[in-house]
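K.L.:
Got entry.cif for you, mmCIF, C-alpha atoms:
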data_input
#
loop_
_atom_site.label_atom_id
_atom_site.label_comp_id
_atom_site.auth_asym_id
_atom_site.auth_seq_id
_atom_site.Cartn_x
_atom_site.Cartn_y
_atom_site.Cartn_z
CA MET A 18 163.54 132.55 110.10
CA ASN A 19 166.06 133.23 107.33
CA SER A 20 167.45 130.17 105.65
CA VAL A 21 171.08 130.13 104.62
CA GLU A 22 171.98 128.99 101.15
CA ASN A 23 175.44 127.69 100.37
CA THR A 24 176.62 127.63 96.78
CA ILE A 25 179.38 125.46 95.39
CA GLU A 26 180.46 126.00 91.81
CA LEU A 27 182.79 124.27 89.44
CA SER A 28 183.64 124.67 85.80
CA ILE A 29 185.00 121.87 83.67
CA GLY A 30 186.15 121.44 80.11
CA SER A 31 183.96 119.52 77.72
CA SER A 32 185.58 116.15 78.17
CA PHE A 33 184.13 112.99 79.66
CA GLU A 34 187.29 112.58 81.70
CA PHE A 35 185.90 115.18 84.10
CA ILE A 36 182.67 113.30 84.80
CA GLU A 37 184.14 111.42 87.74
CA LEU A 38 185.37 114.67 89.25
CA VAL A 39 181.86 116.11 89.11
CA SER A 40 180.48 112.88 90.60
CA SER A 41 182.98 113.08 93.42
CA VAL A 42 181.97 116.66 94.23
CA THR A 43 178.30 115.73 93.98
CA ASN A 44 178.71 112.82 96.38
CA THR A 45 180.60 114.96 98.86
CA ILE A 46 177.84 117.56 98.80
CA LEU A 47 175.19 114.87 99.16
CA ASN A 48 176.99 113.47 102.19
CA ILE A 49 176.55 116.78 103.99
CA SER A 50 173.11 117.50 102.62
CA GLY A 51 171.21 114.97 104.67
CA PHE A 52 169.48 113.05 101.90
CA ASP A 53 169.14 109.30 102.41
CA GLU A 54 171.33 106.92 100.45
CA ASP A 55 168.77 105.94 97.84
CA THR A 56 167.79 109.53 97.12
CA SER A 57 171.44 110.54 96.98
CA GLN A 58 172.32 107.96 94.38
CA TRP A 59 169.53 109.14 92.13
CA ILE A 60 170.47 112.79 92.56
CA GLU A 61 174.05 111.94 91.66
CA LEU A 62 172.90 110.07 88.57
CA SER A 63 170.74 113.01 87.52
CA VAL A 64 173.67 115.40 87.81
CA ARG A 65 175.85 113.00 85.88
CA GLU A 66 173.31 112.65 83.07
CA SER A 67 172.92 116.41 82.82
CA VAL A 68 176.66 117.01 82.66
CA ILE A 69 177.10 114.31 80.03
CA ASN A 70 174.40 115.98 77.94
CA ALA A 71 176.07 119.36 78.36
CA ILE A 72 179.40 117.96 77.20
CA LYS A 73 178.09 115.77 74.43
CA HIS A 74 175.06 117.57 73.05
CA GLY A 75 175.49 121.12 74.30
CA ASN A 76 179.18 121.74 73.77
CA LYS A 77 179.75 118.92 71.23
CA GLU A 78 182.85 117.93 73.22
CA ASP A 79 184.53 121.16 72.13
CA PRO A 80 187.56 121.54 74.41
CA GLY A 81 187.22 125.31 74.09
CA LYS A 82 183.84 125.28 75.82
CA GLN A 83 183.12 124.94 79.49
CA VAL A 84 180.36 123.29 81.49
CA GLU A 85 179.45 125.03 84.72
CA VAL A 86 177.90 123.09 87.57
CA LYS A 87 176.43 125.00 90.51
CA PHE A 88 175.12 123.37 93.68
CA LYS A 89 172.82 125.42 95.90
CA ILE A 90 172.18 123.89 99.29
CA SER A 91 169.42 125.31 101.43
CA ASP A 92 167.25 124.15 104.28
CA ASP A 93 164.49 123.38 101.80
CA ALA A 94 166.23 121.81 98.88
CA LEU A 95 169.28 121.00 96.83
CA THR A 96 169.29 122.75 93.47
CA ILE A 97 171.81 122.02 90.77
CA LEU A 98 172.37 124.12 87.68
CA VAL A 99 174.26 122.73 84.70
CA ILE A 100 175.16 125.33 82.10
CA ASP A 101 176.71 124.74 78.70
CA GLN A 102 177.95 127.04 75.95
CA GLY A 103 176.20 125.38 73.08
CA SER A 104 173.53 126.59 70.74
CA GLY A 105 170.50 125.92 72.88
CA PHE A 106 168.08 123.06 73.20
CA ASN A 107 164.35 122.40 72.88
CA PRO A 108 163.34 119.76 75.42
CA THR A 109 159.85 119.46 73.94
CA GLN A 110 161.29 117.77 70.87
CA LEU A 111 162.72 114.77 72.66
CA PRO A 112 161.48 111.31 71.68
CA ASP A 113 159.64 109.43 74.41
CA PRO A 114 161.87 106.55 75.55
CA LEU A 115 158.79 104.66 76.74
CA ASP A 116 157.19 104.68 73.32
CA PRO A 117 157.36 101.10 72.01
CA SER A 118 159.09 102.32 68.87
CA ASN A 119 161.90 103.82 70.98
CA LEU A 120 162.24 101.09 73.58
CA LEU A 121 165.25 99.50 71.91
CA ASN A 122 166.95 102.79 71.13
CA PRO A 123 170.39 102.72 72.77
CA ASN A 124 170.14 106.44 73.56
CA GLY A 125 167.63 108.92 74.90
CA ARG A 126 167.06 107.95 78.53
CA GLY A 127 169.19 110.48 80.40
CA ILE A 128 166.64 113.28 80.64
CA PHE A 129 163.89 110.80 81.43
CA TYR A 130 165.92 109.59 84.41
CA MET A 131 166.52 113.17 85.52
CA ARG A 132 162.80 113.95 85.42
CA THR A 133 162.00 110.74 87.25
CA PHE A 134 164.43 111.23 90.11
CA MET A 135 164.40 115.01 90.62
CA ASP A 136 161.36 116.96 91.83
CA GLU A 137 161.83 119.73 89.28
CA VAL A 138 163.78 119.90 86.03
CA GLU A 139 163.70 123.10 84.02
CA TYR A 140 165.43 124.10 80.80
CA THR A 141 166.11 127.70 79.90
CA ASN A 142 168.37 129.48 77.45
CA GLY A 143 171.55 130.94 78.87
CA ASN A 144 172.27 134.68 78.78
CA GLN A 145 174.99 134.08 76.23
CA GLY A 146 173.33 131.23 74.40
CA GLY A 147 173.65 127.67 75.54
CA THR A 148 171.36 125.78 77.86
CA VAL A 149 170.77 126.09 81.58
CA VAL A 150 169.37 123.00 83.27
CA ARG A 151 167.98 123.60 86.74
CA MET A 152 167.21 120.53 88.84
CA THR A 153 165.78 120.58 92.34
CA LYS A 154 165.27 117.94 95.00
CA PHE A 155 163.24 119.06 97.97
CA ARG A 156 163.93 117.79 101.42
CA GLN A 157 161.19 115.77 103.04
CA PRO A 158 158.78 118.01 104.96
CA LYS A 159 159.43 117.84 108.69
CA SER A 160 156.68 116.07 110.62
CA MET B 2 187.50 100.38 86.77
CA PHE B 3 185.60 97.96 84.54
CA SER B 4 186.55 94.37 83.78
CA ILE B 5 185.05 91.42 81.98
CA SER B 6 185.89 87.81 82.66
CA GLU B 7 184.61 85.12 80.39
CA ARG B 8 183.61 81.54 81.06
CA THR B 9 181.51 79.00 79.28
CA ALA B 10 178.80 76.52 80.12
CA GLY B 11 178.34 74.32 77.10
CA ASP B 12 177.62 76.60 74.17
CA ILE B 13 176.71 79.54 76.42
CA THR B 14 179.23 82.27 77.16
CA ILE B 15 178.94 83.90 80.55
CA LEU B 16 180.46 87.34 80.91
CA ASP B 17 181.10 88.29 84.52
CA LEU B 18 181.09 92.08 84.52
CA SER B 19 182.69 94.06 87.30
CA GLY B 20 182.88 97.77 87.98
CA LYS B 21 181.18 100.64 86.22
CA ILE B 22 179.33 100.53 82.93
CA THR B 23 179.26 104.21 82.02
CA ILE B 24 180.06 106.59 79.20
CA GLY B 25 183.81 106.68 78.71
CA GLU B 26 184.29 103.54 80.79
CA GLY B 27 182.85 100.08 80.43
CA SER B 28 180.36 100.79 77.68
CA VAL B 29 182.90 100.54 74.89
CA GLN B 30 184.56 97.47 76.35
CA LEU B 31 181.23 95.66 76.68
CA ARG B 32 180.26 96.54 73.14
CA GLU B 33 183.54 95.26 71.75
CA LYS B 34 183.39 92.06 73.77
CA VAL B 35 179.88 91.18 72.66
CA ARG B 36 180.76 91.88 69.05
CA GLN B 37 183.86 89.75 69.33
CA LEU B 38 181.80 86.85 70.67
CA LEU B 39 179.28 87.19 67.87
CA ASN B 40 182.04 87.33 65.28
CA ASP B 41 183.39 84.10 66.76
CA GLY B 42 179.97 82.50 66.36
CA LYS B 43 179.21 82.52 70.07
CA LYS B 44 175.61 83.63 70.06
CA LYS B 45 174.33 82.54 73.45
CA ILE B 46 175.46 85.18 75.91
CA LEU B 47 174.69 85.66 79.59
CA LEU B 48 175.71 88.91 81.24
CA ASN B 49 176.34 88.50 84.96
CA LEU B 50 175.79 91.96 86.46
CA GLY B 51 176.15 91.03 90.11
CA ASP B 52 179.43 92.87 90.51
CA VAL B 53 178.50 95.99 88.54
CA SER B 54 178.90 98.86 90.96
CA TYR B 55 177.50 101.67 88.85
CA VAL B 56 175.60 102.19 85.61
CA ASP B 57 174.35 105.33 83.90
CA SER B 58 172.05 105.77 80.91
CA SER B 59 174.94 105.05 78.56
CA GLY B 60 175.50 101.77 80.34
CA ILE B 61 171.82 100.92 80.08
CA GLY B 62 172.00 101.86 76.41
CA GLU B 63 174.92 99.52 75.94
CA LEU B 64 172.96 96.64 77.47
CA VAL B 65 170.17 97.41 75.02
CA SER B 66 172.56 97.66 72.10
CA SER B 67 174.19 94.35 73.05
CA TYR B 68 170.77 92.74 73.22
CA THR B 69 169.62 93.98 69.83
CA THR B 70 172.93 93.22 68.11
CA THR B 71 172.84 89.67 69.46
CA ARG B 72 169.19 89.21 68.59
CA ASN B 73 169.71 90.55 65.07
CA GLN B 74 172.33 87.86 64.54
CA GLY B 75 169.97 85.14 65.66
CA GLY B 76 171.44 84.90 69.14
CA GLN B 77 170.19 85.21 72.69
CA LEU B 78 171.47 87.64 75.34
CA LYS B 79 170.12 87.50 78.87
CA LEU B 80 170.88 89.15 82.20
CA LEU B 81 171.83 87.57 85.50
CA ASN B 82 172.05 88.96 89.06
CA LEU B 83 170.73 92.45 88.47
CA THR B 84 171.64 94.87 91.22
CA LYS B 85 168.73 96.83 92.64
CA LYS B 86 169.90 99.96 90.90
CA ILE B 87 170.07 98.30 87.50
CA GLN B 88 166.71 96.70 88.10
CA ASP B 89 165.21 100.09 88.93
CA LEU B 90 166.76 101.78 85.89
CA LEU B 91 165.50 99.04 83.57
CA SER B 92 162.09 99.01 85.18
CA ILE B 93 161.57 102.76 84.92
CA THR B 94 162.18 102.65 81.18
CA LYS B 95 160.13 99.48 80.68
CA LEU B 96 163.18 97.48 79.68
CA LEU B 97 162.29 94.66 82.05
CA THR B 98 159.66 93.80 79.44
CA VAL B 99 162.48 93.38 76.92
CA PHE B 100 165.20 91.48 78.75
CA GLU B 101 164.97 88.02 80.25
CA THR B 102 166.49 88.40 83.70
CA PHE B 103 167.48 85.83 86.31
CA ASP B 104 168.83 85.73 89.84
CA ASN B 105 169.89 82.10 89.54
CA GLU B 106 172.61 81.05 87.12
CA ARG B 107 171.36 77.51 86.64
CA ALA B 108 167.90 78.74 85.75
CA ALA B 109 169.41 81.27 83.35
CA LEU B 110 171.50 78.64 81.58
CA ASP B 111 168.56 76.25 81.32
CA SER B 112 166.46 78.93 79.63
CA TYR B 113 168.53 79.07 76.44
CA THR B 114 167.08 77.33 73.42
#
Could you spell out this file's structure in structure tokens?

P.N.:
Amino acid sequence: MNSVENTIELSIGSSFEFIELVSSVTNTILNISGFDEDTSQWIELSVRESVINAIKHGNKEDPGKQVEVKFKISDDALTILVIDQGSGFNPTQLPDPLDPSNLLNPNGRGIFYMRTFMDEVEYTNGNQGGTVVRMTKFRQPKS
Amino acid sequence: MFSISERTAGDITILDLSGKITIGEGSVQLREKVRQLLNDGKKKILLNLGDVSYVDSSGIGELVSSYTTTRNQGGQLKLLNLTKKIQDLLSITKLLTVFETFDNERAALDSYT
């Protein structure tokens, strides 16, 4: 049986004022995606954290740069891509927020939350530079 | 929308937080309020989180920052009425080993030295 995939895309400027807009779209998509409330809240947080990173660290809040957010809804999963226009990113160089020496660091937990709440989180370089974050949450297998 | 209301119990300042503690909203206000209290010599602070509807990693970071700033000035900052979401976010990043947390205000107030 072929599964149908629906894609919803938006593109925002690199300003935190657009975060709530992305959250609103995310929540609307989650409402029709069939995930339970707890799972939905964590997916929304993961998207939020990724978009914040794209704005803040990827695009350095440059108003001339865009952040693209793409939602792909299928029978199997919800996949979200967040794409910035920055200079790229090496996720292997992140400090571990659970390390005792980092515990009281005010920053550095966003990606950890994403990896905790999503089933897959992948980082790749964009075709024109920048970073592409791909996050996937699989639906529960049907019994 | 984020708001802070302040009340006191003896020499302890209770901040009743309401709304979202997130980047661009709430985080800055909380930071400024805690620093104002410390500047005024009010070093026993209790953050009541029962009416916090949403928090992201920036909000969690601001709680951490408030804690360390207070501690570094010889004060005490504790948390009251954690929502389940905040509890989960703190737990996942082992911050429940850092903060003293309470679900009863009287017990929280009695814990200050």

K.L.:
When distances are computed from all atoms listed in the file, which of A:Leu120, A:Ile29, A:Ala94, A:Leu38 shows the smallest separation from chain B?

P.N.:
A:Leu120

K.L.:
For chain B, work out the contacting residues on chain A at 9 Å, counting only C-alpha atoms, and write them as a ChimeraX atom specification.

P.N.:
/A:33-34,62,65-66,69,114-115,120-127,129-130,133

K.L.:
Box time for segment 45-55 of chain B: axis-aligned, enclosing all its listed atoms, 6 Å extra on each side; report centre and edge lengths in Å to one decimal, as AutoDock Vina command-line options.

P.N.:
--center_x 176.9 --center_y 92.1 --center_z 82.2 --size_x 17.1 --size_y 31.1 --size_z 29.5

K.L.:
Considering all atoms listed in the file, state which residue in the set B:Asp12, B:Gln37, B:Asn105, B:Thr114 is at the smallest distance from Asn49 of chain B.

P.N.:
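Closest to Asn49 of chain B, using all atoms listed in the file: B:Asn105.
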
K.L.:
Would you kindly return, as a ChimeraX atom specification, each protein, DNA or RNA residue with an atom no farther than 9 Å from any atom of Val149 of chain A, considering all atoms listed in the file and excluding same-chain residues fewer than 5 positions away?

P.N.:
/A:98-101,105,139-143

K.L.:
Mind dumping the selected residues with C-alpha atoms as a PDB file, in the frame of the given file?

P.N.:
ATOM      1  CA  LEU A  98     172.370 124.120  87.680  1.00  0.00           C
ATOM      2  CA  VAL A  99     174.260 122.730  84.700  1.00  0.00           C
ATOM      3  CA  ILE A 100     175.160 125.330  82.100  1.00  0.00           C
ATOM      4  CA  ASP A 101     176.710 124.740  78.700  1.00  0.00           C
ATOM      5  CA  GLY A 105     170.500 125.920  72.880  1.00  0.00           C
ATOM      6  CA  GLU A 139     163.700 123.100  84.020  1.00  0.00           C
ATOM      7  CA  TYR A 140     165.430 124.100  80.800  1.00  0.00           C
ATOM      8  CA  THR A 141     166.110 127.700  79.900  1.00  0.00           C
ATOM      9  CA  ASN A 142     168.370 129.480  77.450  1.00  0.00           C
ATOM     10  CA  GLY A 143     171.550 130.940  78.870  1.00  0.00           C
TER      11      GLY A 143
END

K.L.:
Running the PyMOL selection byres ((chain B and resi 30) around 12) on this model by hand, what would come out? Give it as JSON, numbers by chain.

P.N.:
{"B": [2, 3, 4, 5, 6, 16, 18, 19, 20, 21, 22, 23, 24, 25, 26, 27, 28, 29, 31, 32, 33, 34, 35, 36, 37, 60, 63, 64, 67]}

K.L.:
Once the PyMOL selection byres ((chain A and resi 150) around 12) is applied to the coordinates I shared, what remains selected? I want it as a PDB file with C-alpha atoms, in the frame of the given file.

P.N.:
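Saved result, selection_25.pdb, follows:
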ATOM      1  CA  SER A  63     170.740 113.010  87.520  1.00  0.00           C
ATOM      2  CA  VAL A  64     173.670 115.400  87.810  1.00  0.00           C
ATOM      3  CA  GLU A  66     173.310 112.650  83.070  1.00  0.00           C
ATOM      4  CA  SER A  67     172.920 116.410  82.820  1.00  0.00           C
ATOM      5  CA  VAL A  68     176.660 117.010  82.660  1.00  0.00           C
ATOM      6  CA  ASN A  70     174.400 115.980  77.940  1.00  0.00           C
ATOM      7  CA  ALA A  71     176.070 119.360  78.360  1.00  0.00           C
ATOM      8  CA  GLY A  75     175.490 121.120  74.300  1.00  0.00           C
ATOM      9  CA  VAL A  84     180.360 123.290  81.490  1.00  0.00           C
ATOM     10  CA  GLU A  85     179.450 125.030  84.720  1.00  0.00           C
ATOM     11  CA  VAL A  86     177.900 123.090  87.570  1.00  0.00           C
ATOM     12  CA  LYS A  87     176.430 125.000  90.510  1.00  0.00           C
ATOM     13  CA  PHE A  88     175.120 123.370  93.680  1.00  0.00           C
ATOM     14  CA  THR A  96     169.290 122.750  93.470  1.00  0.00           C
ATOM     15  CA  ILE A  97     171.810 122.020  90.770  1.00  0.00           C
ATOM     16  CA  LEU A  98     172.370 124.120  87.680  1.00  0.00           C
ATOM     17  CA  VAL A  99     174.260 122.730  84.700  1.00  0.00           C
ATOM     18  CA  ILE A 100     175.160 125.330  82.100  1.00  0.00           C
ATOM     19  CA  ASP A 101     176.710 124.740  78.700  1.00  0.00           C
ATOM     20  CA  GLN A 102     177.950 127.040  75.950  1.00  0.00           C
ATOM     21  CA  GLY A 105     170.500 125.920  72.880  1.00  0.00           C
ATOM     22  CA  PHE A 106     168.080 123.060  73.200  1.00  0.00           C
ATOM     23  CA  ASN A 107     164.350 122.400  72.880  1.00  0.00           C
ATOM     24  CA  PRO A 108     163.340 119.760  75.420  1.00  0.00           C
ATOM     25  CA  ILE A 128     166.640 113.280  80.640  1.00  0.00           C
ATOM     26  CA  MET A 131     166.520 113.170  85.520  1.00  0.00           C
ATOM     27  CA  ARG A 132     162.800 113.950  85.420  1.00  0.00           C
ATOM     28  CA  MET A 135     164.400 115.010  90.620  1.00  0.00           C
ATOM     29  CA  GLU A 137     161.830 119.730  89.280  1.00  0.00           C
ATOM     30  CA  VAL A 138     163.780 119.900  86.030  1.00  0.00           C
ATOM     31  CA  GLU A 139     163.700 123.100  84.020  1.00  0.00           C
ATOM     32  CA  TYR A 140     165.430 124.100  80.800  1.00  0.00           C
ATOM     33  CA  THR A 141     166.110 127.700  79.900  1.00  0.00           C
ATOM     34  CA  ASN A 142     168.370 129.480  77.450  1.00  0.00           C
ATOM     35  CA  GLY A 143     171.550 130.940  78.870  1.00  0.00           C
ATOM     36  CA  GLY A 147     173.650 127.670  75.540  1.00  0.00           C
ATOM     37  CA  THR A 148     171.360 125.780  77.860  1.00  0.00           C
ATOM     38  CA  VAL A 149     170.770 126.090  81.580  1.00  0.00           C
ATOM     39  CA  ARG A 151     167.980 123.600  86.740  1.00  0.00           C
ATOM     40  CA  MET A 152     167.210 120.530  88.840  1.00  0.00           C
ATOM     41  CA  THR A 153     165.780 120.580  92.340  1.00  0.00           C
TER      42      THR A 153
END

K.L.:
What is the distance, in Å and to one decimal place, between atom CA of Pro112 of chain A and atom CA of Asp79 of chain A?

P.N.:
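Computing it gives 25.1 Å between the two atoms.
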
K.L.:
Where does the PyMOL selection byres ((chain A and resi 90) around 8) land in this file, that is, which residues does it pick, as a list in words?

P.N.:
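With the shown file as input, the PyMOL selection byres ((chain A and resi 90) around 8) matches Glu22, Asn23, Thr24, Ser50, Phe88, Lys89, Ser91, Asp92, Ala94, Leu95 and Thr96 of chain A.
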
K.L.:
Those residues you just picked out, can you put them in a file as a PDB file, keeping the file's coordinate frame with C-alpha atoms?

P.N.:
ATOM      1  CA  GLU A  22     171.980 128.990 101.150  1.00  0.00           C
ATOM      2  CA  ASN A  23     175.440 127.690 100.370  1.00  0.00           C
ATOM      3  CA  THR A  24     176.620 127.630  96.780  1.00  0.00           C
ATOM      4  CA  SER A  50     173.110 117.500 102.620  1.00  0.00           C
ATOM      5  CA  PHE A  88     175.120 123.370  93.680  1.00  0.00           C
ATOM      6  CA  LYS A  89     172.820 125.420  95.900  1.00  0.00           C
ATOM      7  CA  SER A  91     169.420 125.310 101.430  1.00  0.00           C
ATOM      8  CA  ASP A  92     167.250 124.150 104.280  1.00  0.00           C
ATOM      9  CA  ALA A  94     166.230 121.810  98.880  1.00  0.00           C
ATOM     10  CA  LEU A  95     169.280 121.000  96.830  1.00  0.00           C
ATOM     11  CA  THR A  96     169.290 122.750  93.470  1.00  0.00           C
TER      12      THR A  96
END

K.L.:
Which value, in Å to one decimal, gives the distance between atom CA of Glu7 of chain B and atom CA of Lys44 of chain B?

P.N.:
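Distance between the two atoms: 13.8 Å.
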
K.L.:
Can you tell me how far atom CA of Leu48 of chain B sits from atom CA of Gly76 of chain B, in Å to one decimal?

P.N.:
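Value for the atom CA of Leu48 of chain B-atom CA of Gly76 of chain B distance: 13.4 Å.
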
K.L.:
With only C-alpha atoms as the basis for distance, which of B:Val53, B:Gln74, B:Leu47, B:Asp17 is at the shortest distance from Thr102 of chain B?

P.N.:
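Closest to Thr102 of chain B of all the choices is B:Leu47.
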
K.L.:
Need to verify the contact set: Lys45 of chain B, 12 Å, all atoms listed in the file, exclusion of same-chain residues closer than 6 positions in sequence. Can you return it as a PyMOL selection string?

P.N.:
chain B and resi 9-16+35+38-39+67-68+71-72+74-80+109-114

K.L.:
Could you tell me, as a PDB file with C-alpha atoms, keeping the file's coordinate frame, which residues have any atom at most 10 Å from (168.0, 110.6, 96.2), counting only C-alpha atoms?

P.N.:
ATOM      1  CA  LEU A  47     175.190 114.870  99.160  1.00  0.00           C
ATOM      2  CA  PHE A  52     169.480 113.050 101.900  1.00  0.00           C
ATOM      3  CA  ASP A  53     169.140 109.300 102.410  1.00  0.00           C
ATOM      4  CA  GLU A  54     171.330 106.920 100.450  1.00  0.00           C
ATOM      5  CA  ASP A  55     168.770 105.940  97.840  1.00  0.00           C
ATOM      6  CA  THR A  56     167.790 109.530  97.120  1.00  0.00           C
ATOM      7  CA  SER A  57     171.440 110.540  96.980  1.00  0.00           C
ATOM      8  CA  GLN A  58     172.320 107.960  94.380  1.00  0.00           C
ATOM      9  CA  TRP A  59     169.530 109.140  92.130  1.00  0.00           C
ATOM     10  CA  ILE A  60     170.470 112.790  92.560  1.00  0.00           C
ATOM     11  CA  GLU A  61     174.050 111.940  91.660  1.00  0.00           C
ATOM     12  CA  LEU A  62     172.900 110.070  88.570  1.00  0.00           C
ATOM     13  CA  SER A  63     170.740 113.010  87.520  1.00  0.00           C
ATOM     14  CA  PHE A 134     164.430 111.230  90.110  1.00  0.00           C
ATOM     15  CA  MET A 135     164.400 115.010  90.620  1.00  0.00           C
ATOM     16  CA  LYS A 154     165.270 117.940  95.000  1.00  0.00           C
ATOM     17  CA  PHE A 155     163.240 119.060  97.970  1.00  0.00           C
ATOM     18  CA  ARG A 156     163.930 117.790 101.420  1.00  0.00           C
TER      19      ARG A 156
END

K.L.:
Can you work out which one of A:Glu26, A:Gln110, A:Gly51, A:Ser118 has the shortest atom-to-atom distance to Val39 of chain A, counting all atoms listed in the file?

P.N.:
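With all atoms listed in the file as the atom set, the closest residue is A:Glu26.
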
K.L.:
As a PDB file, in the frame of the given file, could you write out segment 58-71 of chain A once it has been completed with N, CA and C atoms?

P.N.:
ATOM      1  N   GLN A  58     171.807 108.604  95.589  1.00  0.00           N
ATOM      2  CA  GLN A  58     172.320 107.960  94.380  1.00  0.00           C
ATOM      3  C   GLN A  58     171.582 108.423  93.141  1.00  0.00           C
ATOM      4  N   TRP A  59     170.300 108.692  93.300  1.00  0.00           N
ATOM      5  CA  TRP A  59     169.530 109.140  92.130  1.00  0.00           C
ATOM      6  C   TRP A  59     169.818 110.603  91.798  1.00  0.00           C
ATOM      7  N   ILE A  60     170.067 111.412  92.819  1.00  0.00           N
ATOM      8  CA  ILE A  60     170.470 112.790  92.560  1.00  0.00           C
ATOM      9  C   ILE A  60     171.805 112.818  91.824  1.00  0.00           C
ATOM     10  N   GLU A  61     172.735 112.005  92.305  1.00  0.00           N
ATOM     11  CA  GLU A  61     174.050 111.940  91.660  1.00  0.00           C
ATOM     12  C   GLU A  61     173.933 111.520  90.209  1.00  0.00           C
ATOM     13  N   LEU A  62     173.088 110.520  89.957  1.00  0.00           N
ATOM     14  CA  LEU A  62     172.900 110.070  88.570  1.00  0.00           C
ATOM     15  C   LEU A  62     172.314 111.189  87.726  1.00  0.00           C
ATOM     16  N   SER A  63     171.368 111.918  88.273  1.00  0.00           N
ATOM     17  CA  SER A  63     170.740 113.010  87.520  1.00  0.00           C
ATOM     18  C   SER A  63     171.766 114.083  87.154  1.00  0.00           C
ATOM     19  N   VAL A  64     172.629 114.412  88.100  1.00  0.00           N
ATOM     20  CA  VAL A  64     173.670 115.400  87.810  1.00  0.00           C
ATOM     21  C   VAL A  64     174.595 114.857  86.720  1.00  0.00           C
ATOM     22  N   ARG A  65     174.955 113.617  86.870  1.00  0.00           N
ATOM     23  CA  ARG A  65     175.850 113.000  85.880  1.00  0.00           C
ATOM     24  C   ARG A  65     175.240 113.056  84.486  1.00  0.00           C
ATOM     25  N   GLU A  66     173.974 112.672  84.381  1.00  0.00           N
ATOM     26  CA  GLU A  66     173.310 112.650  83.070  1.00  0.00           C
ATOM     27  C   GLU A  66     173.280 114.060  82.472  1.00  0.00           C
ATOM     28  N   SER A  67     173.005 115.037  83.301  1.00  0.00           N
ATOM     29  CA  SER A  67     172.920 116.410  82.820  1.00  0.00           C
ATOM     30  C   SER A  67     174.285 116.900  82.336  1.00  0.00           C
ATOM     31  N   VAL A  68     175.325 116.570  83.058  1.00  0.00           N
ATOM     32  CA  VAL A  68     176.660 117.010  82.660  1.00  0.00           C
ATOM     33  C   VAL A  68     177.102 116.304  81.377  1.00  0.00           C
ATOM     34  N   ILE A  69     176.790 115.035  81.271  1.00  0.00           N
ATOM     35  CA  ILE A  69     177.100 114.310  80.030  1.00  0.00           C
ATOM     36  C   ILE A  69     176.410 114.977  78.851  1.00  0.00           C
ATOM     37  N   ASN A  70     175.140 115.320  79.027  1.00  0.00           N
ATOM     38  CA  ASN A  70     174.400 115.980  77.940  1.00  0.00           C
ATOM     39  C   ASN A  70     175.032 117.324  77.581  1.00  0.00           C
ATOM     40  N   ALA A  71     175.461 118.056  78.607  1.00  0.00           N
ATOM     41  CA  ALA A  71     176.070 119.360  78.360  1.00  0.00           C
ATOM     42  C   ALA A  71     177.355 119.222  77.558  1.00  0.00           C
TER      43      ALA A  71
END
